>>> print(open('coords_16.txt').read())   # compact mmCIF, C-alpha atoms and all ligand atoms
# COMPACT_ATOMS: atom_id res chain seq x y z
CA MET A 1 -8.55 20.71 5.46
CA LEU A 2 -7.02 20.34 2.06
CA THR A 3 -6.45 23.19 -0.32
CA VAL A 4 -5.55 22.59 -3.92
CA GLN A 5 -4.60 25.50 -6.10
CA HIS A 6 -6.62 25.83 -9.26
CA SER A 7 -5.58 27.48 -12.47
CA PRO A 8 -6.69 27.39 -16.10
CA VAL A 9 -3.68 25.18 -16.80
CA VAL A 10 -4.78 22.66 -14.19
CA ASP A 11 -8.33 22.69 -15.50
CA GLN A 12 -7.08 22.12 -19.04
CA LEU A 13 -4.98 19.23 -17.81
CA VAL A 14 -7.99 17.67 -16.11
CA VAL A 15 -9.96 17.89 -19.32
CA ALA A 16 -6.96 16.54 -21.23
CA TYR A 17 -6.62 13.61 -18.84
CA LYS A 18 -10.27 12.69 -19.18
CA SER A 19 -9.87 12.41 -22.93
CA ASN A 20 -6.33 11.06 -23.04
CA PRO A 21 -4.37 10.04 -19.93
CA ARG A 22 -1.06 10.24 -21.76
CA ILE A 23 -1.60 13.91 -22.57
CA TYR A 24 -2.32 14.46 -18.93
CA ILE A 25 0.92 12.74 -17.96
CA GLU A 26 2.90 15.13 -20.09
CA GLY A 27 0.91 18.04 -18.73
CA CYS A 28 1.68 17.07 -15.18
CA ALA A 29 5.37 16.77 -15.98
CA MET A 30 5.34 20.21 -17.59
CA ARG A 31 3.47 21.75 -14.73
CA MET A 32 5.92 20.17 -12.31
CA ALA A 33 8.77 22.10 -13.84
CA SER A 34 7.14 25.46 -13.24
CA SER A 35 5.15 25.19 -10.05
CA SER A 36 5.42 24.29 -6.41
CA SER A 37 2.86 22.57 -4.26
CA THR A 38 0.46 24.79 -2.34
CA LEU A 39 -0.99 21.96 -0.36
CA ALA A 40 -1.94 22.84 3.20
CA ALA A 41 -2.87 19.79 5.19
CA ASN A 42 -3.14 18.85 8.81
CA LEU A 43 -0.81 16.23 10.16
CA ARG A 44 -2.37 13.15 11.62
CA THR A 45 -0.08 11.87 14.33
CA SER A 46 0.80 8.25 13.87
CA ILE A 47 -0.03 6.00 16.79
CA THR A 48 1.04 2.40 17.02
CA ARG A 49 -1.75 0.02 17.79
CA LEU A 50 -1.49 -3.56 18.72
CA PRO A 51 -3.71 -6.28 17.55
CA SER A 52 -5.55 -9.40 18.43
CA ILE A 53 -4.06 -12.54 16.91
CA HIS A 54 -6.16 -14.93 14.90
CA ARG A 55 -4.94 -18.09 13.21
CA SER A 56 -7.16 -19.06 10.38
CA PRO A 57 -6.13 -21.25 7.50
CA SER A 58 -8.63 -21.81 4.73
CA CYS A 59 -8.65 -23.01 1.16
CA ILE A 60 -10.23 -22.47 -2.18
CA PRO A 61 -10.04 -24.44 -5.42
CA ALA A 62 -7.47 -23.37 -7.99
CA ARG A 63 -8.19 -22.42 -11.58
CA SER A 64 -6.16 -20.02 -13.63
CA GLN A 65 -7.68 -17.68 -16.11
CA LEU A 66 -5.94 -14.89 -17.92
CA PHE A 67 -7.08 -11.46 -19.01
CA ILE A 68 -4.54 -9.25 -20.65
CA PRO A 69 -5.20 -5.51 -20.50
CA LYS A 70 -2.93 -2.96 -22.09
CA PRO A 71 0.20 -2.58 -20.01
CA LEU A 72 -0.07 0.84 -18.44
CA ALA A 73 -2.42 3.63 -17.83
CA CYS A 74 -1.23 6.83 -16.39
CA SER A 75 1.36 8.36 -14.23
CA LEU A 76 -0.31 11.66 -13.68
CA ILE A 77 -1.74 12.73 -12.10
CA ARG A 78 3.29 -5.76 22.59
CA PRO A 79 3.56 -8.32 24.02
CA ARG A 80 2.05 -11.80 24.20
CA ARG A 81 3.59 -15.03 23.02
CA VAL A 82 1.96 -17.12 20.37
CA SER A 83 2.40 -20.82 20.66
CA GLY A 84 1.50 -23.74 18.46
CA ILE A 85 0.67 -22.58 14.99
CA GLY A 86 -2.01 -24.88 13.77
CA ALA A 87 -5.10 -25.32 11.71
CA ASN A 88 -7.62 -24.09 14.25
CA PRO A 89 -8.33 -20.41 14.45
CA LYS A 90 -7.10 -18.95 17.71
CA LYS A 91 -7.62 -15.42 18.93
CA PHE A 92 -5.35 -13.38 21.15
CA ASP A 93 -5.93 -9.96 22.59
CA CYS A 94 -2.73 -8.02 22.70
CA ARG A 95 -2.06 -5.08 24.95
CA ALA A 96 -0.48 -2.00 23.54
CA LYS A 97 3.25 -1.85 23.83
CA PHE A 98 3.29 1.91 23.84
CA SER A 99 1.02 4.25 25.69
CA MET A 100 -1.16 6.09 23.26
CA ALA A 101 -3.93 8.63 23.35
CA GLU A 102 -5.96 6.82 20.75
CA LYS A 103 -5.56 3.09 21.26
CA ARG A 104 -7.13 0.83 18.72
CA GLN A 105 -7.06 -2.86 18.17
CA GLY A 106 -5.74 -4.48 15.07
CA LYS A 107 -5.87 -8.12 14.10
CA VAL A 108 -3.12 -10.65 13.45
CA ASP A 109 -3.83 -13.74 11.36
CA VAL A 110 -1.15 -16.42 11.45
CA PHE A 111 -1.21 -19.14 8.80
CA ASP A 112 0.52 -22.48 8.77
CA SER A 113 1.87 -21.77 5.30
CA GLU A 114 2.33 -18.94 2.86
CA GLU A 115 -0.12 -20.81 0.62
CA SER A 116 -2.97 -20.53 3.13
CA LEU A 117 -1.98 -16.91 3.81
CA SER A 118 -2.42 -16.21 0.11
CA VAL A 119 -5.85 -17.90 0.07
CA SER A 120 -7.05 -15.80 2.99
CA LEU A 121 -5.59 -12.60 1.58
CA ALA A 122 -7.56 -13.19 -1.61
CA LYS A 123 -10.86 -13.53 0.27
CA TYR A 124 -10.11 -10.50 2.45
CA THR A 125 -9.36 -8.40 -0.63
CA ALA A 126 -12.37 -9.66 -2.58
CA ASP A 127 -14.67 -8.93 0.38
CA LEU A 128 -13.38 -5.37 0.62
CA SER A 129 -13.72 -4.96 -3.12
CA GLU A 130 -17.41 -5.89 -2.89
CA LYS A 131 -18.00 -3.58 0.06
CA PHE A 132 -16.38 -0.51 -1.46
CA ALA A 133 -17.80 -1.12 -4.94
CA LYS A 134 -21.27 -1.11 -3.35
CA GLU A 135 -20.66 1.78 -0.99
CA ARG A 136 -18.81 4.18 -3.21
CA GLY A 137 -18.74 2.72 -6.69
CA ALA A 138 -14.95 2.48 -6.69
CA PHE A 139 -12.26 0.48 -4.92
CA THR A 140 -8.89 2.17 -4.48
CA VAL A 141 -6.09 -0.33 -3.91
CA VAL A 142 -2.47 0.54 -3.14
CA LEU A 143 0.15 -2.07 -3.96
CA SER A 144 3.64 -2.62 -2.60
CA GLY A 145 6.43 -4.26 -4.51
CA GLY A 146 8.42 -7.24 -3.34
CA SER A 147 6.90 -10.49 -2.12
CA LEU A 148 3.43 -8.98 -1.73
CA ILE A 149 2.66 -9.49 -5.38
CA ASN A 150 3.24 -13.23 -5.19
CA SER A 151 0.97 -13.38 -2.14
CA LEU A 152 -1.84 -11.97 -4.28
CA ARG A 153 -1.76 -14.96 -6.65
CA LYS A 154 -4.98 -16.58 -5.33
CA LEU A 155 -6.92 -13.46 -6.20
CA VAL A 156 -6.40 -14.18 -9.89
CA GLU A 157 -7.84 -17.68 -9.56
CA ALA A 158 -11.38 -18.97 -9.12
CA PRO A 159 -13.64 -17.92 -7.64
CA TYR A 160 -12.36 -14.36 -7.41
CA ILE A 161 -11.19 -13.91 -10.96
CA ASP A 162 -14.84 -14.14 -12.00
CA SER A 163 -16.65 -12.78 -8.96
CA VAL A 164 -14.68 -9.58 -8.32
CA ASP A 165 -15.93 -6.47 -10.10
CA TRP A 166 -12.56 -5.45 -11.50
CA SER A 167 -14.08 -2.49 -13.31
CA LYS A 168 -14.33 -0.70 -9.96
CA TRP A 169 -10.65 -1.13 -9.13
CA HIS A 170 -8.16 1.75 -9.14
CA ILE A 171 -4.53 0.72 -8.66
CA PHE A 172 -1.79 2.80 -7.02
CA TRP A 173 1.72 2.13 -5.73
CA VAL A 174 2.85 2.87 -2.20
CA ASP A 175 6.39 3.10 -3.52
CA GLU A 176 8.30 2.78 -6.74
CA ARG A 177 11.89 2.58 -7.78
CA VAL A 178 13.10 5.25 -10.21
CA VAL A 179 13.79 2.89 -13.10
CA PRO A 180 12.06 2.30 -16.45
CA LYS A 181 8.80 0.37 -16.26
CA ASP A 182 10.32 -2.60 -18.04
CA HIS A 183 13.28 -2.78 -15.61
CA GLU A 184 13.59 -5.81 -13.36
CA ASP A 185 13.56 -3.53 -10.30
CA SER A 186 10.31 -1.81 -11.27
CA ASN A 187 7.45 -2.37 -8.85
CA TYR A 188 5.10 -1.62 -11.73
CA LYS A 189 6.61 -4.42 -13.84
CA LEU A 190 6.42 -6.82 -10.89
CA ALA A 191 2.76 -6.02 -10.35
CA TYR A 192 1.97 -6.10 -14.05
CA ASP A 193 3.61 -9.47 -14.67
CA GLY A 194 2.33 -11.09 -11.50
CA PHE A 195 -1.11 -9.57 -11.10
CA LEU A 196 -2.34 -6.81 -13.37
CA CYS A 197 -1.91 -8.68 -16.66
CA LYS A 198 -4.20 -11.41 -15.31
CA VAL A 199 -7.17 -9.29 -14.35
CA PRO A 200 -9.45 -7.05 -16.40
CA ILE A 201 -8.73 -3.82 -14.59
CA THR A 202 -9.46 -0.78 -16.74
CA THR A 203 -6.21 0.52 -18.17
CA GLY A 204 -7.09 4.09 -17.25
CA ASN A 205 -7.51 3.04 -13.62
CA VAL A 206 -3.89 1.97 -13.22
CA TYR A 207 -1.92 4.91 -11.88
CA ALA A 208 1.72 4.09 -12.44
CA ILE A 209 4.49 6.45 -11.45
CA ASN A 210 6.06 8.43 -14.30
CA ASP A 211 9.39 6.77 -15.06
CA ALA A 212 10.51 9.60 -17.35
CA LEU A 213 10.99 12.03 -14.47
CA SER A 214 13.57 12.51 -11.79
CA ALA A 215 12.74 11.10 -8.35
CA GLU A 216 11.62 14.49 -6.99
CA ALA A 217 9.59 15.33 -10.08
CA ALA A 218 7.98 11.87 -10.17
CA ALA A 219 6.95 12.19 -6.52
CA ASP A 220 5.51 15.65 -7.15
CA ASP A 221 3.77 14.43 -10.30
CA TYR A 222 2.20 11.49 -8.43
CA GLU A 223 1.02 13.81 -5.66
CA THR A 224 -0.57 16.07 -8.28
CA CYS A 225 -2.27 13.01 -9.74
CA LEU A 226 -3.63 12.04 -6.31
CA LYS A 227 -4.94 15.55 -5.68
CA HIS A 228 -6.84 15.42 -8.92
CA LEU A 229 -8.32 12.02 -8.07
CA VAL A 230 -9.33 13.29 -4.64
CA LYS A 231 -10.95 16.31 -6.25
CA ILE A 232 -13.07 14.15 -8.55
CA LYS A 233 -13.77 11.80 -5.59
CA THR A 234 -12.21 8.71 -7.10
CA VAL A 235 -9.98 8.67 -4.03
CA ASP A 236 -11.53 9.49 -0.65
CA LEU A 237 -10.16 12.24 1.54
CA SER A 238 -9.74 11.65 5.25
CA GLU A 239 -11.69 14.26 7.14
CA ALA A 240 -9.55 13.52 10.18
CA SER A 241 -6.17 14.01 8.56
CA GLY A 242 -6.74 15.93 5.31
CA PHE A 243 -4.73 13.26 3.49
CA PRO A 244 -6.03 10.84 0.87
CA LYS A 245 -7.82 7.85 2.30
CA PHE A 246 -7.32 4.71 0.24
CA ASP A 247 -9.79 1.87 0.60
CA LEU A 248 -7.10 -0.78 0.88
CA MET A 249 -3.35 -0.56 1.24
CA LEU A 250 -1.49 -3.85 0.74
CA LEU A 251 1.82 -3.41 2.53
CA GLY A 252 4.83 -5.68 2.54
CA MET A 253 7.62 -5.38 5.06
CA GLY A 254 11.36 -5.87 4.62
CA PRO A 255 13.48 -7.92 7.04
CA ASP A 256 14.70 -4.61 8.52
CA GLY A 257 11.13 -3.54 9.28
CA HIS A 258 10.81 -1.07 6.42
CA VAL A 259 7.49 -0.48 4.72
CA ALA A 260 7.01 1.26 1.39
CA SER A 261 10.39 2.99 0.89
CA LEU A 262 10.44 4.26 4.47
CA PHE A 263 13.53 2.81 6.10
CA PRO A 264 14.62 2.50 9.76
CA GLY A 265 16.37 5.62 10.99
CA HIS A 266 15.75 7.60 7.78
CA PRO A 267 14.37 11.14 8.28
CA LEU A 268 11.63 10.50 5.70
CA VAL A 269 9.72 8.44 8.26
CA HIS A 270 8.91 11.77 9.92
CA GLU A 271 7.66 13.55 6.79
CA SER A 272 4.40 15.14 7.82
CA LYS A 273 3.29 17.44 5.00
CA GLN A 274 3.94 15.82 1.63
CA TRP A 275 1.73 13.05 0.32
CA VAL A 276 4.42 11.52 -1.84
CA THR A 277 8.14 12.05 -1.43
CA SER A 278 11.42 10.84 -2.89
CA ILE A 279 14.51 9.17 -1.51
CA LYS A 280 17.92 9.09 -3.18
CA ASP A 281 19.84 7.11 -0.58
CA SER A 282 17.71 4.03 -0.07
CA PRO A 283 19.74 1.50 1.93
CA LYS A 284 18.12 -1.19 -0.22
CA PRO A 285 18.93 -0.89 -3.93
CA PRO A 286 18.01 0.75 -6.15
CA PRO A 287 18.82 3.95 -4.23
CA GLU A 288 16.36 6.30 -5.96
CA ARG A 289 12.72 5.77 -5.14
CA ILE A 290 9.47 7.55 -4.50
CA THR A 291 7.19 6.67 -1.64
CA PHE A 292 3.92 7.53 0.08
CA THR A 293 4.49 9.19 3.44
CA PHE A 294 3.18 7.95 6.78
CA PRO A 295 0.33 10.48 6.96
CA VAL A 296 -1.04 8.99 3.71
CA ILE A 297 -0.38 5.40 4.73
CA ASN A 298 -2.05 5.98 8.10
CA SER A 299 -5.11 7.65 6.63
CA SER A 300 -6.09 4.35 4.95
CA ALA A 301 -9.47 2.75 5.53
CA ASN A 302 -7.80 -0.68 5.57
CA ILE A 303 -4.21 -1.84 5.70
CA ALA A 304 -3.10 -5.44 5.21
CA LEU A 305 0.45 -6.02 6.42
CA VAL A 306 1.52 -9.13 4.57
CA VAL A 307 4.67 -10.75 5.94
CA ALA A 308 6.06 -14.19 5.13
CA GLY A 309 9.31 -15.93 5.94
CA ALA A 310 11.50 -16.54 8.99
CA GLY A 311 13.87 -13.80 7.81
CA LYS A 312 11.26 -11.27 8.90
CA ALA A 313 10.47 -12.87 12.26
CA HIS A 314 12.67 -10.48 14.25
CA ALA A 315 10.97 -7.34 12.91
CA VAL A 316 7.55 -8.96 13.43
CA ASN A 317 8.52 -9.75 17.01
CA VAL A 318 9.62 -6.16 17.57
CA ALA A 319 6.30 -4.90 16.21
CA LEU A 320 3.97 -7.43 17.81
CA GLY A 321 5.88 -9.39 20.43
CA SER A 322 8.59 -8.88 23.01
CA GLY A 323 11.39 -8.11 20.55
CA GLN A 324 13.44 -4.99 21.05
CA ASN A 325 14.95 -2.67 18.52
CA SER A 326 18.18 -0.99 19.47
CA ASP A 327 17.39 2.49 18.14
CA SER A 328 14.19 4.19 17.11
CA LEU A 329 10.85 2.63 16.19
CA LEU A 330 10.91 0.43 13.12
CA PRO A 331 8.85 1.92 10.30
CA VAL A 332 6.47 -1.04 10.52
CA GLN A 333 5.73 0.02 14.12
CA MET A 334 4.55 3.37 12.79
CA VAL A 335 1.80 1.78 10.69
CA SER A 336 -1.41 2.79 12.41
CA PRO A 337 -4.31 3.34 10.05
CA GLU A 338 -7.35 5.45 10.68
CA GLY A 339 -9.31 2.33 9.68
CA GLU A 340 -8.53 -1.35 10.16
CA LEU A 341 -5.11 -2.98 10.38
CA THR A 342 -4.83 -6.70 9.62
CA TRP A 343 -1.57 -8.63 9.75
CA PHE A 344 -1.21 -11.67 7.50
CA LEU A 345 1.71 -13.75 8.83
CA ASP A 346 2.94 -17.16 7.84
CA SER A 347 4.43 -19.50 10.45
CA GLY A 348 7.98 -18.38 9.61
CA ALA A 349 7.22 -14.70 10.09
CA ALA A 350 5.39 -15.49 13.35
CA SER A 351 8.05 -17.88 14.60
CA LYS A 352 9.42 -15.51 17.27
CA LEU A 353 6.06 -14.45 18.64
O1 LIG B 401 11.96 -2.47 -1.62
C1 LIG B 401 10.86 -2.85 -1.27
O2 LIG B 401 10.75 -3.74 -0.25
C2 LIG B 401 9.53 -3.93 0.47
C3 LIG B 401 9.59 -5.32 1.08
O3 LIG B 401 9.84 -6.26 0.03
P1 LIG B 401 9.83 -7.84 0.30
O4 LIG B 401 10.28 -8.46 -0.99
O5 LIG B 401 10.79 -8.12 1.45
O6 LIG B 401 8.41 -8.22 0.64
C4 LIG B 401 8.30 -3.73 -0.40
O7 LIG B 401 7.13 -3.78 0.37
C5 LIG B 401 8.45 -2.40 -1.14
O8 LIG B 401 7.30 -2.13 -1.90
C6 LIG B 401 9.65 -2.49 -2.03
O9 LIG B 401 9.85 -1.33 -2.80
>>> encode(input="coords_16.txt", output="structure tokens", more="lines below")
Ligand SMILES: O=C1O[C@H](COP(=O)(O)O)[C@@H](O)[C@H](O)[C@H]1O
Amino acid sequence: MLTVQHSPVVDQLVVAYKSNPRIYIEGCAMRMASSSSTLAANLRTSITRLPSIHRSPSCIPARSQLFIPKPLACSLIRPRRVSGIGANPKKFDCRAKFSMAEKRQGKVDVFDSEESLSVSLAKYTADLSEKFAKERGAFTVVLSGGSLINSLRKLVEAPYIDSVDWSKWHIFWVDERVVPKDHEDSNYKLAYDGFLCKVPITTGNVYAINDALSAEAAADDYETCLKHLVKIKTVDLSEASGFPKFDLMLLGMGPDGHVASLFPGHPLVHESKQWVTSIKDSPKPPPERITFTFPVINSSANIALVVAGAGKAHAVNVALGSGQNSDSLLPVQMVSPEGELTWFLDSGAASKL
């Protein structure tokens, strides 16, 4: 059950946002300074689930085509070994590594190259786009920073550049660094340069994090933005958890097993009430960031965990194979969506499985 406090100020801000997202951004920042969240939400306990493994390379023709929208919109509101990575699809059923009340099966796709991973990720994303556009008239997509953006490159080529209904897309970030949007460390800039500037996504449907605010204020501002979008049903709400339910979350993973800006051993991995939170001591620079929390991540309808490179093989093996972690669970092991989990691994990332 989700409760959002209403007030004339909030209602004015909603009206303001509809007519001019920038006004709404300022409104949210102002409101942030004088209010505290009254969100009451139930915690959905995160449960690790282990997947079946499927190797499936594929290919599509390449053709680049550019669309350049205006740059930004709004900031308002266990264990089984895998052997012989090859061209033929192969399926494995994995048993859960941890006992769990609510065991579900995910899927692991291993590709012989990052190139074929990218091709398959494009088709997966385009298929979900079509499904959600039909079902609910909108497709809410959450991006990570890092290498994920490069892995989305086939989505901006034929046939998807023309066949996807980009007008239905709404873009969010699972985490952001507290730097200006034109800074080299900005996840927004990375996504804009590598993906968003090439597709005709409506400017007003790109929900960037407000880079004019402190980390705490930016996290609060983004949460306020999400509550508004849930209220107007642009973003679904999970009945099970009371947290927002995004249609697709595209997650990367660091070599240490972190996802979003949720790092191994950091107390934020246990945050159970906030939708969006901030971190000032990120072990990976830059230190100040904002991030979705696990209850939001795990309320997703679909999560793609996209991991490439031998440098990440150990964390992948801990999550999916016989690898052991010395301390607590790796954050990536805590990814357990309400919906479907699909791993996209290249041969390097899967090399220890
Ligand atoms: O700092 C971050 O790192 C992770 C992983 O990045 P990668 O380059 O190793 O794929 C990324 O998913 C996250 O969004 C980003 O802020």
>>> closest_atom_pairs(input="coords_16.txt", of="chain A", to="ligand LIG 401 (chain B)", cutoff="10 Å", atoms="only C-alpha atoms and all ligand atoms", output="JSON lines")
{"residue": "A:Leu143", "atom": "CA", "partner": "B:LIG401", "partner_atom": "O8", "distance": 7.4}
{"residue": "A:Ser144", "atom": "CA", "partner": "B:LIG401", "partner_atom": "O8", "distance": 3.8}
{"residue": "A:Gly145", "atom": "CA", "partner": "B:LIG401", "partner_atom": "O8", "distance": 3.5}
{"residue": "A:Gly146", "atom": "CA", "partner": "B:LIG401", "partner_atom": "O4", "distance": 3.2}
{"residue": "A:Ser147", "atom": "CA", "partner": "B:LIG401", "partner_atom": "O6", "distance": 3.9}
{"residue": "A:Leu148", "atom": "CA", "partner": "B:LIG401", "partner_atom": "O6", "distance": 5.6}
{"residue": "A:Ile149", "atom": "CA", "partner": "B:LIG401", "partner_atom": "O6", "distance": 8.4}
{"residue": "A:Asn150", "atom": "CA", "partner": "B:LIG401", "partner_atom": "O6", "distance": 9.3}
{"residue": "A:Ser151", "atom": "CA", "partner": "B:LIG401", "partner_atom": "O6", "distance": 9.5}
{"residue": "A:Trp173", "atom": "CA", "partner": "B:LIG401", "partner_atom": "O8", "distance": 8.0}
{"residue": "A:Val174", "atom": "CA", "partner": "B:LIG401", "partner_atom": "O8", "distance": 6.7}
{"residue": "A:Asp175", "atom": "CA", "partner": "B:LIG401", "partner_atom": "O8", "distance": 5.6}
{"residue": "A:Glu176", "atom": "CA", "partner": "B:LIG401", "partner_atom": "O9", "distance": 5.9}
{"residue": "A:Arg177", "atom": "CA", "partner": "B:LIG401", "partner_atom": "O9", "distance": 6.7}
{"residue": "A:Asp185", "atom": "CA", "partner": "B:LIG401", "partner_atom": "O9", "distance": 8.7}
{"residue": "A:Ser186", "atom": "CA", "partner": "B:LIG401", "partner_atom": "O9", "distance": 8.5}
{"residue": "A:Asn187", "atom": "CA", "partner": "B:LIG401", "partner_atom": "O9", "distance": 6.6}
{"residue": "A:Leu250", "atom": "CA", "partner": "B:LIG401", "partner_atom": "O7", "distance": 8.6}
{"residue": "A:Leu251", "atom": "CA", "partner": "B:LIG401", "partner_atom": "O7", "distance": 5.7}
{"residue": "A:Gly252", "atom": "CA", "partner": "B:LIG401", "partner_atom": "O7", "distance": 3.7}
{"residue": "A:Met253", "atom": "CA", "partner": "B:LIG401", "partner_atom": "C3", "distance": 4.4}
{"residue": "A:Gly254", "atom": "CA", "partner": "B:LIG401", "partner_atom": "O5", "distance": 3.9}
{"residue": "A:Pro255", "atom": "CA", "partner": "B:LIG401", "partner_atom": "O5", "distance": 6.2}
{"residue": "A:Asp256", "atom": "CA", "partner": "B:LIG401", "partner_atom": "O5", "distance": 8.8}
{"residue": "A:Gly257", "atom": "CA", "partner": "B:LIG401", "partner_atom": "C3", "distance": 8.5}
{"residue": "A:His258", "atom": "CA", "partner": "B:LIG401", "partner_atom": "C2", "distance": 6.7}
{"residue": "A:Val259", "atom": "CA", "partner": "B:LIG401", "partner_atom": "O7", "distance": 5.5}
{"residue": "A:Ala260", "atom": "CA", "partner": "B:LIG401", "partner_atom": "C5", "distance": 4.7}
{"residue": "A:Ser261", "atom": "CA", "partner": "B:LIG401", "partner_atom": "O9", "distance": 5.7}
{"residue": "A:Leu262", "atom": "CA", "partner": "B:LIG401", "partner_atom": "C5", "distance": 8.9}
{"residue": "A:Phe263", "atom": "CA", "partner": "B:LIG401", "partner_atom": "O1", "distance": 9.5}
{"residue": "A:Ser282", "atom": "CA", "partner": "B:LIG401", "partner_atom": "O1", "distance": 8.8}
{"residue": "A:Pro283", "atom": "CA", "partner": "B:LIG401", "partner_atom": "O1", "distance": 9.4}
{"residue": "A:Lys284", "atom": "CA", "partner": "B:LIG401", "partner_atom": "O1", "distance": 6.4}
{"residue": "A:Pro285", "atom": "CA", "partner": "B:LIG401", "partner_atom": "O1", "distance": 7.5}
{"residue": "A:Pro286", "atom": "CA", "partner": "B:LIG401", "partner_atom": "O1", "distance": 8.2}
{"residue": "A:Pro287", "atom": "CA", "partner": "B:LIG401", "partner_atom": "O1", "distance": 9.8}
{"residue": "A:Arg289", "atom": "CA", "partner": "B:LIG401", "partner_atom": "O9", "distance": 8.0}
{"residue": "A:Ile290", "atom": "CA", "partner": "B:LIG401", "partner_atom": "O9", "distance": 9.0}
{"residue": "A:Thr291", "atom": "CA", "partner": "B:LIG401", "partner_atom": "O9", "distance": 8.5}
{"residue": "A:Leu305", "atom": "CA", "partner": "B:LIG401", "partner_atom": "O7", "distance": 9.3}
{"residue": "A:Val306", "atom": "CA", "partner": "B:LIG401", "partner_atom": "O6", "distance": 8.0}
{"residue": "A:Val307", "atom": "CA", "partner": "B:LIG401", "partner_atom": "O6", "distance": 7.0}
{"residue": "A:Ala308", "atom": "CA", "partner": "B:LIG401", "partner_atom": "O6", "distance": 7.8}
{"residue": "A:Gly309", "atom": "CA", "partner": "B:LIG401", "partner_atom": "O5", "distance": 9.1}
{"residue": "A:Gly311", "atom": "CA", "partner": "B:LIG401", "partner_atom": "O5", "distance": 9.1}
{"residue": "A:Lys312", "atom": "CA", "partner": "B:LIG401", "partner_atom": "O5", "distance": 8.1}
>>> write_last_selection(input="coords_16.txt", atoms="C-alpha atoms", output="mmCIF file, in the frame of the given file")
data_model
loop_
_atom_site.group_PDB
_atom_site.id
_atom_site.type_symbol
_atom_site.label_atom_id
_atom_site.label_comp_id
_atom_site.auth_asym_id
_atom_site.auth_seq_id
_atom_site.Cartn_x
_atom_site.Cartn_y
_atom_site.Cartn_z
ATOM 1 C CA LEU A 143 0.150 -2.070 -3.960
ATOM 2 C CA SER A 144 3.640 -2.620 -2.600
ATOM 3 C CA GLY A 145 6.430 -4.260 -4.510
ATOM 4 C CA GLY A 146 8.420 -7.240 -3.340
ATOM 5 C CA SER A 147 6.900 -10.490 -2.120
ATOM 6 C CA LEU A 148 3.430 -8.980 -1.730
ATOM 7 C CA ILE A 149 2.660 -9.490 -5.380
ATOM 8 C CA ASN A 150 3.240 -13.230 -5.190
ATOM 9 C CA SER A 151 0.970 -13.380 -2.140
ATOM 10 C CA TRP A 173 1.720 2.130 -5.730
ATOM 11 C CA VAL A 174 2.850 2.870 -2.200
ATOM 12 C CA ASP A 175 6.390 3.100 -3.520
ATOM 13 C CA GLU A 176 8.300 2.780 -6.740
ATOM 14 C CA ARG A 177 11.890 2.580 -7.780
ATOM 15 C CA ASP A 185 13.560 -3.530 -10.300
ATOM 16 C CA SER A 186 10.310 -1.810 -11.270
ATOM 17 C CA ASN A 187 7.450 -2.370 -8.850
ATOM 18 C CA LEU A 250 -1.490 -3.850 0.740
ATOM 19 C CA LEU A 251 1.820 -3.410 2.530
ATOM 20 C CA GLY A 252 4.830 -5.680 2.540
ATOM 21 C CA MET A 253 7.620 -5.380 5.060
ATOM 22 C CA GLY A 254 11.360 -5.870 4.620
ATOM 23 C CA PRO A 255 13.480 -7.920 7.040
ATOM 24 C CA ASP A 256 14.700 -4.610 8.520
ATOM 25 C CA GLY A 257 11.130 -3.540 9.280
ATOM 26 C CA HIS A 258 10.810 -1.070 6.420
ATOM 27 C CA VAL A 259 7.490 -0.480 4.720
ATOM 28 C CA ALA A 260 7.010 1.260 1.390
ATOM 29 C CA SER A 261 10.390 2.990 0.890
ATOM 30 C CA LEU A 262 10.440 4.260 4.470
ATOM 31 C CA PHE A 263 13.530 2.810 6.100
ATOM 32 C CA SER A 282 17.710 4.030 -0.070
ATOM 33 C CA PRO A 283 19.740 1.500 1.930
ATOM 34 C CA LYS A 284 18.120 -1.190 -0.220
ATOM 35 C CA PRO A 285 18.930 -0.890 -3.930
ATOM 36 C CA PRO A 286 18.010 0.750 -6.150
ATOM 37 C CA PRO A 287 18.820 3.950 -4.230
ATOM 38 C CA ARG A 289 12.720 5.770 -5.140
ATOM 39 C CA ILE A 290 9.470 7.550 -4.500
ATOM 40 C CA THR A 291 7.190 6.670 -1.640
ATOM 41 C CA LEU A 305 0.450 -6.020 6.420
ATOM 42 C CA VAL A 306 1.520 -9.130 4.570
ATOM 43 C CA VAL A 307 4.670 -10.750 5.940
ATOM 44 C CA ALA A 308 6.060 -14.190 5.130
ATOM 45 C CA GLY A 309 9.310 -15.930 5.940
ATOM 46 C CA GLY A 311 13.870 -13.800 7.810
ATOM 47 C CA LYS A 312 11.260 -11.270 8.900
#
>>> closest_residue(input="coords_16.txt", among="A:Gly348, A:Pro180, A:Gly265, A:Gly242", to="Asn210 of chain A", atoms="only C-alpha atoms")
A:Pro180
>>> atom_distance(input="coords_16.txt", atom1="atom CA of Ile171 of chain A", atom2="atom CA of Val206 of chain A")
4.8 Å
>>> atom_distance(input="coords_16.txt", atom1="atom CA of Gly204 of chain A", atom2="atom CA of Glu288 of chain A")
26.1 Å
>>> atom_distance(input="coords_16.txt", atom1="atom CA of Ser238 of chain A", atom2="atom CA of Ala301 of chain A")
8.9 Å
>>> closest_residue(input="coords_16.txt", among="A:Leu248, A:Thr234, A:Gln324, A:Met334", to="His270 of chain A", atoms="all atoms listed in the file")
A:Met334
>>> residues_around(input="coords_16.txt", residues="Ala219 of chain A", least_positions_apart="6", cutoff="6 Å", atoms="only C-alpha atoms", output="PDB file with C-alpha atoms, in the frame of the given file")
ATOM      1  CA  VAL A 276       4.420  11.520  -1.840  1.00  0.00           C
ATOM      2  CA  THR A 277       8.140  12.050  -1.430  1.00  0.00           C
ATOM      3  CA  SER A 278      11.420  10.840  -2.890  1.00  0.00           C
ATOM      4  CA  ILE A 290       9.470   7.550  -4.500  1.00  0.00           C
TER       5      ILE A 290
END
